[in-house]
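**Student:** One file is attached below, input.csv, containing CSV, C-alpha atoms and all ligand atoms.
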chain,number,residue,atom,x,y,z
A,1,MET,CA,5.7,-97.8,4.2
A,2,ASP,CA,8.2,-95.4,2.7
A,3,VAL,CA,8.4,-97.4,-0.5
A,4,ALA,CA,6.2,-100.1,-1.9
A,5,VAL,CA,7.6,-102.0,-4.9
A,6,ILE,CA,4.9,-103.8,-6.9
A,7,GLY,CA,6.3,-106.8,-8.7
A,8,ALA,CA,9.4,-108.8,-7.8
A,9,GLY,CA,10.7,-109.7,-11.2
A,10,GLN,CA,14.2,-108.7,-12.1
A,11,ALA,CA,13.3,-105.0,-12.3
A,12,GLY,CA,11.5,-104.8,-8.9
A,13,LEU,CA,14.2,-106.8,-7.2
A,14,ALA,CA,17.0,-104.6,-8.6
A,15,VAL,CA,15.3,-101.5,-7.2
A,16,ALA,CA,14.6,-103.3,-3.9
A,17,PHE,CA,18.3,-104.2,-3.7
A,18,HIS,CA,19.3,-100.5,-3.7
A,19,LEU,CA,16.6,-99.7,-1.0
A,20,ARG,CA,17.2,-102.7,1.3
A,21,ASP,CA,18.5,-100.5,4.1
A,22,LEU,CA,14.9,-99.2,4.5
A,23,GLY,CA,14.3,-102.5,6.2
A,24,ALA,CA,10.7,-102.8,7.4
A,25,ARG,CA,9.8,-99.5,5.7
A,26,LEU,CA,10.2,-101.2,2.3
A,27,ALA,CA,7.5,-103.5,1.0
A,28,VAL,CA,7.9,-105.7,-2.0
A,29,LEU,CA,4.7,-107.3,-3.2
A,30,ASP,CA,4.3,-109.9,-5.9
A,31,ALA,CA,1.3,-111.6,-7.5
A,32,GLY,CA,3.3,-114.7,-8.4
A,33,PRO,CA,3.3,-117.9,-6.3
A,34,THR,CA,7.1,-118.0,-6.1
A,35,ALA,CA,10.3,-116.1,-7.0
A,36,GLY,CA,11.3,-115.5,-10.6
A,37,GLY,CA,8.9,-112.9,-12.0
A,38,ALA,CA,7.6,-113.8,-15.5
A,39,TRP,CA,10.5,-116.2,-16.0
A,40,GLN,CA,8.7,-118.9,-13.9
A,41,HIS,CA,5.9,-118.9,-16.6
A,42,ARG,CA,8.0,-119.2,-19.7
A,43,TRP,CA,7.3,-122.1,-22.0
A,44,PRO,CA,9.1,-125.3,-21.0
A,45,SER,CA,11.3,-125.6,-24.1
A,46,LEU,CA,12.8,-122.1,-23.7
A,47,THR,CA,16.2,-123.0,-22.4
A,48,LEU,CA,18.8,-120.5,-21.2
A,49,GLY,CA,20.7,-121.1,-24.3
A,50,ARG,CA,17.7,-120.0,-26.4
A,51,THR,CA,17.3,-116.7,-24.6
A,52,HIS,CA,19.4,-113.6,-25.2
A,53,ARG,CA,22.1,-113.2,-22.6
A,54,LEU,CA,20.9,-112.5,-19.1
A,55,ALA,CA,22.8,-109.8,-17.3
A,56,ASP,CA,23.4,-110.2,-13.6
A,57,LEU,CA,21.5,-108.0,-11.2
A,58,PRO,CA,23.3,-105.5,-8.9
A,59,GLY,CA,25.1,-107.2,-6.1
A,60,MET,CA,24.9,-110.7,-7.7
A,61,ARG,CA,28.6,-111.0,-8.4
A,62,GLU,CA,29.4,-110.2,-4.8
A,63,LEU,CA,27.4,-113.3,-3.8
A,64,GLY,CA,29.2,-115.4,-6.3
A,65,LEU,CA,25.9,-115.7,-8.2
A,66,SER,CA,25.6,-115.3,-12.0
A,67,PHE,CA,23.2,-116.3,-14.7
A,68,ASP,CA,26.2,-117.2,-16.7
A,69,ASP,CA,27.0,-120.1,-14.4
A,70,ALA,CA,23.7,-121.8,-15.1
A,71,PRO,CA,23.9,-124.6,-17.7
A,72,SER,CA,22.6,-123.3,-21.1
A,73,GLY,CA,20.4,-126.4,-21.5
A,74,LEU,CA,18.3,-125.7,-18.4
A,75,PRO,CA,14.8,-124.4,-19.0
A,76,ALA,CA,14.8,-120.7,-18.2
A,77,ARG,CA,11.6,-121.2,-16.2
A,78,ASP,CA,13.7,-123.2,-13.7
A,79,ALA,CA,17.1,-121.6,-13.9
A,80,VAL,CA,16.2,-117.9,-13.6
A,81,PRO,CA,13.7,-118.3,-10.7
A,82,GLY,CA,16.3,-120.4,-8.9
A,83,VAL,CA,18.9,-117.6,-9.2
A,84,LEU,CA,16.4,-114.9,-8.3
A,85,ALA,CA,15.2,-116.9,-5.2
A,86,GLN,CA,18.8,-117.1,-4.0
A,87,TYR,CA,19.3,-113.4,-4.6
A,88,GLU,CA,16.2,-112.5,-2.6
A,89,ARG,CA,17.3,-114.7,0.3
A,90,ALA,CA,20.9,-113.6,0.4
A,91,TYR,CA,19.9,-109.9,0.5
A,92,GLY,CA,17.0,-110.4,2.8
A,93,LEU,CA,14.5,-109.0,0.3
A,94,LEU,CA,11.3,-110.1,1.9
A,95,VAL,CA,8.7,-110.4,-0.8
A,96,ALA,CA,5.1,-110.7,0.2
A,97,ARG,CA,3.4,-113.4,-2.0
A,98,PRO,CA,0.9,-113.7,-3.4
A,99,VAL,CA,-0.2,-110.1,-3.4
A,100,ARG,CA,-1.9,-109.0,-6.6
A,101,VAL,CA,-2.4,-105.2,-6.4
A,102,THR,CA,-5.6,-104.3,-8.1
A,103,ARG,CA,-6.0,-100.7,-7.3
A,104,VAL,CA,-3.7,-97.8,-6.3
A,105,THR,CA,-5.2,-94.5,-5.2
A,106,ARG,CA,-3.7,-91.5,-3.5
A,107,THR,CA,-4.9,-89.2,-0.7
A,108,GLN,CA,-2.9,-86.3,0.8
A,109,GLY,CA,0.3,-87.5,-0.7
A,110,VAL,CA,0.0,-91.1,0.5
A,111,PHE,CA,-0.6,-94.0,-1.9
A,112,LEU,CA,-3.2,-96.6,-0.9
A,113,LEU,CA,-2.6,-100.1,-2.4
A,114,GLU,CA,-5.5,-102.5,-2.4
A,115,ALA,CA,-4.9,-106.2,-3.3
A,116,ALA,CA,-7.1,-109.0,-4.7
A,117,PRO,CA,-9.0,-111.2,-2.3
A,118,GLY,CA,-6.8,-114.0,-1.0
A,119,SER,CA,-3.6,-111.8,-1.1
A,120,ALA,CA,-1.2,-112.1,1.7
A,121,VAL,CA,-1.4,-108.3,2.3
A,122,PRO,CA,-4.9,-106.9,1.6
A,123,VAL,CA,-4.1,-103.2,1.9
A,124,LEU,CA,-1.1,-101.0,2.4
A,125,GLU,CA,-0.1,-97.3,2.5
A,126,SER,CA,3.1,-96.0,1.1
A,127,ARG,CA,4.7,-92.6,0.3
A,128,VAL,CA,6.5,-93.9,-2.8
A,129,VAL,CA,5.3,-96.6,-5.2
A,130,VAL,CA,7.6,-98.3,-7.7
A,131,SER,CA,5.5,-100.4,-10.1
A,132,ALA,CA,7.6,-103.1,-11.7
A,133,THR,CA,4.8,-105.3,-13.1
A,134,GLY,CA,6.3,-106.2,-16.5
A,135,THR,CA,4.2,-107.1,-19.5
A,136,TRP,CA,3.8,-110.9,-19.4
A,137,THR,CA,0.2,-110.7,-18.2
A,138,ARG,CA,-0.7,-108.3,-21.1
A,139,PRO,CA,0.0,-110.1,-24.4
A,140,ARG,CA,-1.3,-108.0,-27.3
A,141,GLN,CA,-4.6,-109.4,-28.5
A,142,PRO,CA,-5.1,-109.9,-32.2
A,143,VAL,CA,-7.6,-107.8,-34.0
A,144,VAL,CA,-8.6,-109.3,-37.4
A,145,PRO,CA,-12.0,-109.8,-39.0
A,146,GLY,CA,-13.4,-113.3,-38.6
A,147,ILE,CA,-11.3,-114.1,-35.5
A,148,ASP,CA,-14.1,-115.8,-33.8
A,149,MET,CA,-15.0,-117.9,-36.8
A,150,PHE,CA,-11.7,-119.8,-37.1
A,151,GLN,CA,-12.3,-123.3,-35.9
A,152,GLY,CA,-8.7,-124.3,-35.2
A,153,SER,CA,-6.9,-123.3,-32.0
A,154,GLN,CA,-5.5,-119.8,-31.4
A,155,LEU,CA,-3.1,-118.8,-28.6
A,156,THR,CA,-0.8,-116.0,-27.6
A,157,THR,CA,2.9,-116.2,-26.6
A,158,PRO,CA,2.3,-116.8,-22.8
A,159,GLU,CA,0.0,-119.7,-23.7
A,160,TYR,CA,2.5,-121.6,-25.9
A,161,PRO,CA,2.8,-125.1,-24.5
A,162,GLY,CA,5.8,-126.4,-26.5
A,163,ALA,CA,6.0,-127.8,-30.0
A,164,GLY,CA,4.7,-131.3,-28.9
A,165,ALA,CA,1.2,-129.9,-28.8
A,166,PHE,CA,1.3,-129.2,-32.5
A,167,ALA,CA,2.4,-132.6,-33.8
A,168,GLY,CA,1.2,-133.1,-37.4
A,169,MET,CA,-0.7,-129.7,-37.5
A,170,ARG,CA,-0.5,-126.9,-40.0
A,171,VAL,CA,0.5,-123.9,-37.9
A,172,ALA,CA,0.5,-120.2,-38.7
A,173,VAL,CA,3.0,-118.2,-36.6
A,174,ILE,CA,2.3,-114.5,-36.5
A,175,GLY,CA,4.8,-111.9,-35.3
A,176,GLY,CA,8.2,-110.5,-36.3
A,177,GLY,CA,10.1,-111.0,-33.0
A,178,LEU,CA,12.4,-113.5,-31.5
A,179,SER,CA,9.6,-115.5,-29.9
A,180,ALA,CA,7.9,-116.0,-33.2
A,181,LEU,CA,11.1,-117.2,-34.8
A,182,GLY,CA,11.9,-119.4,-31.8
A,183,PHE,CA,8.4,-121.0,-32.0
A,184,MET,CA,8.9,-121.8,-35.7
A,185,ASP,CA,12.3,-123.3,-35.1
A,186,GLU,CA,10.8,-125.7,-32.5
A,187,LEU,CA,7.7,-126.4,-34.6
A,188,ALA,CA,9.8,-127.4,-37.6
A,189,GLY,CA,10.4,-130.7,-36.0
A,190,THR,CA,6.8,-131.5,-35.2
A,191,ALA,CA,4.2,-129.5,-37.2
A,192,SER,CA,3.3,-130.8,-40.7
A,193,GLU,CA,3.4,-127.3,-42.2
A,194,ILE,CA,4.4,-123.9,-40.9
A,195,ARG,CA,3.7,-120.5,-42.3
A,196,TRP,CA,5.1,-117.2,-41.0
A,197,TYR,CA,3.0,-114.0,-41.1
A,198,THR,CA,4.2,-110.6,-40.1
A,199,ARG,CA,3.4,-106.9,-40.6
A,200,ARG,CA,7.0,-106.0,-41.2
A,201,PRO,CA,9.7,-108.7,-41.7
A,202,PRO,CA,12.5,-108.0,-39.3
A,203,GLN,CA,16.0,-107.3,-40.6
A,204,ILE,CA,18.3,-110.2,-40.1
A,205,ILE,CA,21.6,-109.1,-38.7
A,206,GLU,CA,24.4,-111.3,-40.0
A,207,ASP,CA,27.1,-110.1,-37.6
A,208,ALA,CA,25.2,-109.5,-34.3
A,209,SER,CA,28.4,-109.5,-32.2
A,210,SER,CA,29.7,-106.4,-34.0
A,211,GLU,CA,29.9,-102.9,-32.6
A,212,LEU,CA,27.1,-102.1,-34.9
A,213,GLY,CA,24.8,-104.6,-33.2
A,214,LEU,CA,25.6,-103.1,-29.8
A,215,ALA,CA,25.0,-99.6,-31.2
A,216,ARG,CA,21.6,-100.7,-32.6
A,217,GLY,CA,20.7,-102.0,-29.1
A,218,ARG,CA,21.6,-98.7,-27.5
A,219,ALA,CA,19.7,-96.8,-30.1
A,220,ALA,CA,16.6,-99.0,-29.6
A,221,VAL,CA,16.7,-98.4,-25.8
A,222,ALA,CA,17.2,-94.6,-26.4
A,223,ALA,CA,14.2,-94.6,-28.8
A,224,GLN,CA,12.1,-96.4,-26.2
A,225,ASP,CA,13.0,-93.9,-23.5
A,226,ALA,CA,12.5,-90.9,-25.7
A,227,ALA,CA,9.0,-92.1,-26.6
A,228,ALA,CA,8.2,-92.8,-23.0
A,229,SER,CA,9.3,-89.3,-21.9
A,230,ALA,CA,7.2,-87.7,-24.7
A,231,GLY,CA,4.1,-89.8,-24.0
A,232,LEU,CA,4.2,-91.5,-27.4
A,233,PRO,CA,3.6,-95.2,-28.3
A,234,LEU,CA,6.7,-97.2,-27.5
A,235,PRO,CA,8.5,-98.2,-30.8
A,236,SER,CA,9.2,-101.9,-31.5
A,237,ILE,CA,12.6,-102.9,-30.2
A,238,VAL,CA,13.2,-105.5,-33.0
A,239,SER,CA,12.4,-102.9,-35.7
A,240,ALA,CA,15.5,-101.0,-34.4
A,241,THR,CA,17.8,-103.9,-33.5
A,242,GLY,CA,16.9,-106.4,-36.1
A,243,ILE,CA,17.2,-110.2,-35.4
A,244,PRO,CA,20.6,-111.6,-34.8
A,245,LEU,CA,21.6,-114.6,-37.0
A,246,THR,CA,21.5,-117.1,-34.2
A,247,PRO,CA,21.6,-120.9,-34.8
A,248,PRO,CA,17.8,-121.2,-34.7
A,249,VAL,CA,17.4,-118.3,-37.3
A,250,ARG,CA,20.1,-120.0,-39.4
A,251,ARG,CA,18.1,-123.2,-39.3
A,252,LEU,CA,14.9,-121.5,-40.3
A,253,ARG,CA,16.7,-119.9,-43.2
A,254,ALA,CA,18.2,-123.2,-44.3
A,255,ARG,CA,14.7,-124.8,-44.2
A,256,GLY,CA,13.3,-121.9,-46.3
A,257,LEU,CA,10.9,-120.9,-43.5
A,258,LEU,CA,12.3,-117.4,-43.2
A,259,HIS,CA,9.9,-116.2,-45.8
A,260,ALA,CA,7.3,-113.8,-44.3
A,261,HIS,CA,3.8,-113.6,-45.6
A,262,PRO,CA,1.8,-110.3,-45.3
A,263,MET,CA,-0.7,-110.3,-42.5
A,264,PRO,CA,-4.0,-112.1,-43.3
A,265,VAL,CA,-6.9,-109.7,-44.0
A,266,ARG,CA,-9.3,-111.9,-42.2
A,267,LEU,CA,-9.8,-115.4,-40.8
A,268,SER,CA,-12.2,-117.9,-42.2
A,269,PRO,CA,-13.5,-121.0,-40.4
A,270,VAL,CA,-10.6,-123.0,-41.9
A,271,GLY,CA,-7.7,-120.7,-42.2
A,272,LEU,CA,-6.0,-117.3,-42.9
A,273,VAL,CA,-7.3,-115.3,-45.9
A,274,SER,CA,-4.8,-113.2,-47.8
A,275,SER,CA,-5.5,-109.9,-49.6
A,276,ASP,CA,-5.6,-111.8,-53.0
A,277,GLY,CA,-8.5,-113.9,-51.6
A,278,THR,CA,-6.6,-117.1,-51.2
A,279,THR,CA,-6.9,-119.1,-48.0
A,280,TRP,CA,-4.1,-120.9,-46.2
A,281,GLU,CA,-5.8,-123.7,-44.3
A,282,ALA,CA,-4.5,-124.1,-40.8
A,283,ASP,CA,-5.1,-126.1,-37.6
A,284,ALA,CA,-3.6,-123.6,-35.2
A,285,ILE,CA,-2.5,-119.9,-35.1
A,286,ILE,CA,0.1,-118.7,-32.7
A,287,TRP,CA,-0.1,-114.9,-32.1
A,288,ALA,CA,3.4,-113.8,-31.0
A,289,ILE,CA,2.6,-110.1,-31.5
A,290,GLY,CA,4.2,-108.6,-28.4
A,291,PHE,CA,3.1,-107.3,-25.1
A,292,GLU,CA,1.7,-104.1,-23.4
A,293,PRO,CA,2.8,-102.9,-20.0
A,294,ALA,CA,0.6,-104.2,-17.1
A,295,LEU,CA,-0.6,-100.9,-15.7
A,296,ASP,CA,-4.3,-101.6,-14.9
A,297,HIS,CA,-3.8,-101.2,-11.2
A,298,LEU,CA,-2.6,-97.6,-11.7
A,299,ARG,CA,-5.7,-96.5,-13.7
A,300,PRO,CA,-7.5,-95.3,-10.6
A,301,LEU,CA,-4.8,-92.7,-10.2
A,302,GLY,CA,-5.7,-91.3,-13.6
A,303,VAL,CA,-2.5,-92.7,-15.1
A,304,PRO,CA,-3.1,-93.0,-18.8
A,305,GLY,CA,-2.0,-95.9,-20.9
A,306,THR,CA,1.2,-96.1,-22.9
A,307,GLY,CA,0.9,-94.0,-26.0
A,308,SER,CA,-2.1,-92.2,-24.6
A,309,GLY,CA,-0.1,-89.5,-22.7
A,310,LEU,CA,1.7,-91.6,-20.1
A,311,ARG,CA,5.0,-89.8,-19.8
A,312,VAL,CA,7.8,-91.5,-17.9
A,313,ASP,CA,11.1,-89.8,-17.5
A,314,LYS,CA,13.9,-91.9,-16.0
A,315,GLY,CA,11.3,-94.1,-14.3
A,316,ARG,CA,9.3,-91.1,-12.8
A,317,VAL,CA,5.7,-90.8,-13.9
A,318,ALA,CA,5.1,-87.2,-15.0
A,319,GLY,CA,2.6,-85.3,-12.9
A,320,MET,CA,2.4,-88.0,-10.2
A,321,PRO,CA,5.2,-87.3,-7.7
A,322,GLY,CA,6.3,-90.4,-5.8
A,323,LEU,CA,5.1,-92.9,-8.5
A,324,MET,CA,7.7,-94.7,-10.6
A,325,LEU,CA,7.8,-97.5,-13.1
A,326,ALA,CA,10.7,-100.0,-13.2
A,327,GLY,CA,11.3,-102.3,-16.1
A,328,TYR,CA,9.3,-100.0,-18.4
A,329,ALA,CA,10.2,-99.0,-21.9
A,330,GLY,CA,14.1,-98.9,-22.2
A,331,GLN,CA,14.4,-100.8,-18.9
A,332,ALA,CA,12.8,-104.0,-20.3
A,333,SER,CA,15.9,-106.2,-20.2
A,334,THR,CA,18.1,-107.5,-17.5
A,335,ILE,CA,21.0,-105.2,-18.3
A,336,SER,CA,18.9,-102.0,-18.6
A,337,ALA,CA,16.7,-102.8,-15.6
A,338,SER,CA,19.9,-103.4,-13.5
A,339,ARG,CA,21.4,-100.1,-14.6
A,340,ALA,CA,18.3,-98.1,-14.1
A,341,ALA,CA,17.6,-99.4,-10.6
A,342,ARG,CA,20.2,-97.3,-8.8
A,343,ALA,CA,18.7,-94.1,-10.2
A,344,THR,CA,15.1,-95.2,-9.4
A,345,ALA,CA,16.2,-95.8,-5.8
A,346,ALA,CA,18.0,-92.5,-5.7
A,347,PHE,CA,14.9,-90.6,-6.9
A,348,ALA,CA,12.8,-92.4,-4.3
A,349,ARG,CA,15.2,-91.4,-1.5
A,350,ALA,CA,15.3,-87.8,-2.7
A,351,TYR,CA,11.5,-87.6,-2.9
A,352,LEU,CA,11.2,-89.0,0.7
A,353,ALA,CA,13.7,-86.4,1.8
A,354,GLY,CA,11.5,-83.6,0.4
A,355,SER,CA,12.9,-83.1,-3.1
A,356,THR,CA,10.3,-81.6,-5.5
A,357,ASP,CA,12.4,-82.5,-8.6
A,358,TRP,CA,9.8,-84.4,-10.6
A,359,PRO,CA,8.6,-84.1,-14.2
A,360,VAL,CA,5.3,-82.3,-14.4
B,1,LIG,P1,8.4,-109.6,-15.0
B,1,LIG,O1,9.4,-110.6,-15.0
B,1,LIG,O2,7.2,-109.8,-15.8
B,1,LIG,O3,8.0,-109.4,-13.4
B,1,LIG,C1,6.9,-108.7,-13.0
B,1,LIG,C2,6.4,-109.2,-11.7
B,1,LIG,O4,5.3,-108.4,-11.3
B,1,LIG,C3,5.9,-110.7,-11.8
B,1,LIG,O5,6.4,-111.4,-10.8
B,1,LIG,C4,4.3,-110.5,-11.6
B,1,LIG,O6,3.8,-111.6,-10.9
B,1,LIG,C5,4.3,-109.2,-10.8
B,1,LIG,N1,3.0,-108.5,-11.0
B,1,LIG,C6,2.4,-108.2,-12.2
B,1,LIG,N2,1.3,-107.5,-11.9
B,1,LIG,C7,1.2,-107.4,-10.6
B,1,LIG,C8,0.2,-106.8,-9.7
B,1,LIG,N3,-0.8,-106.1,-10.2
B,1,LIG,N4,0.4,-106.9,-8.4
B,1,LIG,C9,1.5,-107.5,-7.9
B,1,LIG,N5,2.5,-108.1,-8.7
B,1,LIG,C10,2.3,-108.0,-10.0
B,1,LIG,N6,15.7,-109.9,-21.4
B,1,LIG,C11,17.0,-110.1,-21.3
B,1,LIG,O7,17.8,-109.2,-20.8
B,1,LIG,N7,17.6,-111.2,-21.8
B,1,LIG,C12,16.8,-112.3,-22.3
B,1,LIG,O8,17.4,-113.3,-22.7
B,1,LIG,C13,15.4,-112.1,-22.4
B,1,LIG,N8,14.6,-113.1,-22.9
B,1,LIG,C14,13.3,-112.9,-22.9
B,1,LIG,C15,12.5,-113.9,-23.4
B,1,LIG,C16,11.1,-113.8,-23.5
B,1,LIG,C17,10.3,-114.9,-24.0
B,1,LIG,C18,10.5,-112.5,-23.0
B,1,LIG,C19,9.0,-112.3,-23.1
B,1,LIG,C20,11.3,-111.5,-22.5
B,1,LIG,C21,12.7,-111.7,-22.5
B,1,LIG,N9,13.5,-110.7,-22.0
B,1,LIG,C22,14.9,-110.9,-21.9
B,1,LIG,C23,13.0,-109.3,-21.6
B,1,LIG,C24,12.9,-109.1,-20.1
B,1,LIG,O9,14.1,-109.3,-19.4
B,1,LIG,C25,11.8,-110.1,-19.4
B,1,LIG,O10,10.6,-109.8,-20.0
B,1,LIG,C26,11.7,-109.9,-17.9
B,1,LIG,O11,10.9,-110.9,-17.4
B,1,LIG,C27,11.1,-108.5,-17.5
B,1,LIG,O12,11.3,-108.4,-16.1
B,1,LIG,P2,10.4,-107.5,-15.2
B,1,LIG,O13,10.9,-107.6,-13.8
B,1,LIG,O14,10.3,-106.1,-15.8
B,1,LIG,O15,8.9,-108.1,-15.3
Mind turning the file's structure into structure tokens?

**Tutor:**
Amino acid sequence: MDVAVIGAGQAGLAVAFHLRDLGARLAVLDAGPTAGGAWQHRWPSLTLGRTHRLADLPGMRELGLSFDDAPSGLPARDAVPGVLAQYERAYGLLVARPVRVTRVTRTQGVFLLEAAPGSAVPVLESRVVVSATGTWTRPRQPVVPGIDMFQGSQLTTPEYPGAGAFAGMRVAVIGGGLSALGFMDELAGTASEIRWYTRRPPQIIEDASSELGLARGRAAVAAQDAAASAGLPLPSIVSATGIPLTPPVRRLRARGLLHAHPMPVRLSPVGLVSSDGTTWEADAIIWAIGFEPALDHLRPLGVPGTGSGLRVDKGRVAGMPGLMLAGYAGQASTISASRAARATAAFARAYLAGSTDWPV
């Protein structure tokens, strides 16, 4: 192969779109059972109307396809994969599924990709690799003393089954992002009690549609990209953008639930212990504390983890010519992934044509 794209979520597909003329010299590999990237795994109650806006991928409009046309009441896990499947078909983006790439190595300038047993393609060689594997498979794991002692249930964002599973329960929701607030809004109808814990309460932006909101968004993306190119830990997006005052956030405020408690210092068998020694008894804890990039398959290349020296400049992994990340850092939204895809494809072409312009 000339180019292997690992991951066929929105980021991988947008890059593949710009490289589709490579035909059989382009491989797109995806671990999932079907089209849609992580969207197919979102919790059932996350409707399109409850997400941020989804920006169309390059070339979608030309097909008469748009996320905007999907009814806002549809679950995102059905609507988004439906649109992405049409996009793949219409542009002839042949995605090999399921192929979970477990190991990438490199010999004499050629990458060797090895996949998990049972994958549709067991092994593949390619001159360029674009890894677009997202974060969904890497929810941050909580670290707090006593975590194994707690006798209630604990789950992370990807495991959230919907509010119905928490009927009558006392639920602690931990995290300062949109997912945490969305969970609380849903739980308000079913749980008997809800308590919100977060390290830093997010700023609530009263007028999210303003120029200021857009400027904050741009600044957050720029901060992510600056950290990525310097090899520093990626800053939190929400700490830069704040949380827009959407209808669910308004409802939480009206219910008095927008009051954040400091993080528990430990868990006891029955609940969450605060620094003053008091315990809030809970039946369940939802850890909505964010995600890490899924990069394990690149470790055999010696690629360090985010914040441990991994430097990524405009998608190119420093010191590893031919290796790119898509959907990483400032590219982690539909709009930014779509915008960045053209440049990623251009770097791939230039590299294949012999360019040595690569961050060292
Ligand atoms: P993913 O969608 O995660 O796709 C990665 C693909 O790679 C998957 O198909 C996976 O199976 C595959 N993969 C992973 N590892 C391997 C491997 N080793 N080998 C082969 N394949 C692999 N953004 C917006 O712009 N608007 C929104 O409204 C919005 N809402 C969001 C709501 C939630 C709850 C979350 C978590 C994020 C949201 N985002 C939103 C952010 C972002 O758009 C999504 O996270 C999006 O899914 C990221 O796309 P991606 O292509 O980078 O990764």

**Student:** If I put a ball of radius 7 Å at (-5.5, -107.7, -7.7) in the file's coordinates, which residues poke into it when counting all atoms listed in the file, written as a list in words?

**Tutor:**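 Residues with an atom at most 7 Å from (-5.5, -107.7, -7.7): Arg100, Val101, Thr102, Ala115 and Ala116 of chain A.
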
**Student:** Using all atoms listed in the file, find each protein or nucleic acid residue lying at most 6 Å from ligand LIG 1 (chain B); present the set as a ChimeraX atom specification.

**Tutor:** /A:6-12,29-32,37-39,51-54,99-102,132-136,179,297,327,332-335

**Student:** Which residues, written as a PyMOL selection string, have at least one atom at most 10 Å from A:Ser153, with only C-alpha atoms counted and residues fewer than 2 positions away on the same chain left out?

**Tutor:** chain A and resi 150-151+155+171+282-286

**Student:** To one decimal in Å, tell me the separation between atom CA of A:Thr306 and atom CA of A:Val104.

**Tutor:** 17.4 Å

**Student:** Which residues, written as a JSON list (two decimals) with C-alpha atoms, in the frame of the given file, have at least one atom at most 8 Å from A:Leu181, with all atoms listed in the file counted and residues fewer than 6 positions away on the same chain left out?

**Tutor:**
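What ended up in result17.json:
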[["chain", "number", "residue", "atom", "x", "y", "z"],
["A", 248, "PRO", "CA", 17.80, -121.20, -34.70],
["A", 249, "VAL", "CA", 17.40, -118.30, -37.30],
["A", 252, "LEU", "CA", 14.90, -121.50, -40.30]]

**Student:** Given only C-alpha atoms as the basis, pick out the residue of A:Pro262, A:Val95, A:Arg106, A:Gly189 nearest to A:Val303.

**Tutor:**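 Smallest distance to A:Val303 is found for A:Arg106.
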
**Student:** For atom CA of A:Ala180 and atom CA of A:Leu57, quote the distance in Å rounded to one decimal.

**Tutor:**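 Value for the atom CA of A:Ala180-atom CA of A:Leu57 distance: 27.1 Å.
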
**Student:** Kindly indicate which residue among A:Pro98, A:Glu193, A:Ala341, A:Thr198 lies nearest to A:Pro117, using all atoms listed in the file for the distances.

**Tutor:**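 For A:Pro117, the nearest of the candidates is A:Pro98.
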
**Student:** Given only C-alpha atoms as the basis, pick out the residue of A:Ala353, A:Ala222, A:Ile194, A:Ala230 nearest to A:Gly309.

**Tutor:**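 Among A:Ala353, A:Ala222, A:Ile194, A:Ala230, it is A:Ala230 that comes nearest to A:Gly309.
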
**Student:** So which residues touch A:Phe183 within 9 Å, counting all atoms listed in the file, skipping near sequence neighbours fewer than 2 positions away, as a PyMOL selection string?

**Tutor:** chain A and resi 160+162-163+173+178-181+185-188+286+288

**Student:** Rebuild N, CA, C and O atoms on stretch 294-301 of chain A, as a compact mmCIF listing (two decimals), keeping the file's coordinate frame?

**Tutor:**
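Writing done, so here's rebuild22.txt:
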# COMPACT_ATOMS: atom_id res chain seq x y z
N ALA A 294 1.76 -103.88 -18.06
CA ALA A 294 0.60 -104.20 -17.10
C ALA A 294 0.47 -103.04 -16.17
O ALA A 294 1.19 -102.94 -15.18
N LEU A 295 -0.45 -102.15 -16.49
CA LEU A 295 -0.60 -100.90 -15.70
C LEU A 295 -2.01 -100.73 -15.14
O LEU A 295 -2.31 -99.68 -14.56
N ASP A 296 -2.86 -101.74 -15.30
CA ASP A 296 -4.30 -101.60 -14.90
C ASP A 296 -4.46 -101.10 -13.48
O ASP A 296 -5.35 -100.31 -13.19
N HIS A 297 -3.60 -101.59 -12.59
CA HIS A 297 -3.80 -101.20 -11.20
C HIS A 297 -3.51 -99.74 -10.91
O HIS A 297 -3.87 -99.23 -9.86
N LEU A 298 -2.89 -99.06 -11.89
CA LEU A 298 -2.60 -97.60 -11.70
C LEU A 298 -3.68 -96.73 -12.31
O LEU A 298 -3.64 -95.52 -12.13
N ARG A 299 -4.62 -97.33 -13.02
CA ARG A 299 -5.70 -96.50 -13.70
C ARG A 299 -6.45 -95.65 -12.70
O ARG A 299 -6.77 -94.51 -13.02
N PRO A 300 -6.79 -96.15 -11.48
CA PRO A 300 -7.50 -95.30 -10.60
C PRO A 300 -6.82 -93.99 -10.21
O PRO A 300 -7.44 -93.03 -9.77
N LEU A 301 -5.52 -93.94 -10.43
CA LEU A 301 -4.80 -92.70 -10.20
C LEU A 301 -4.95 -91.71 -11.33
O LEU A 301 -4.45 -90.59 -11.27
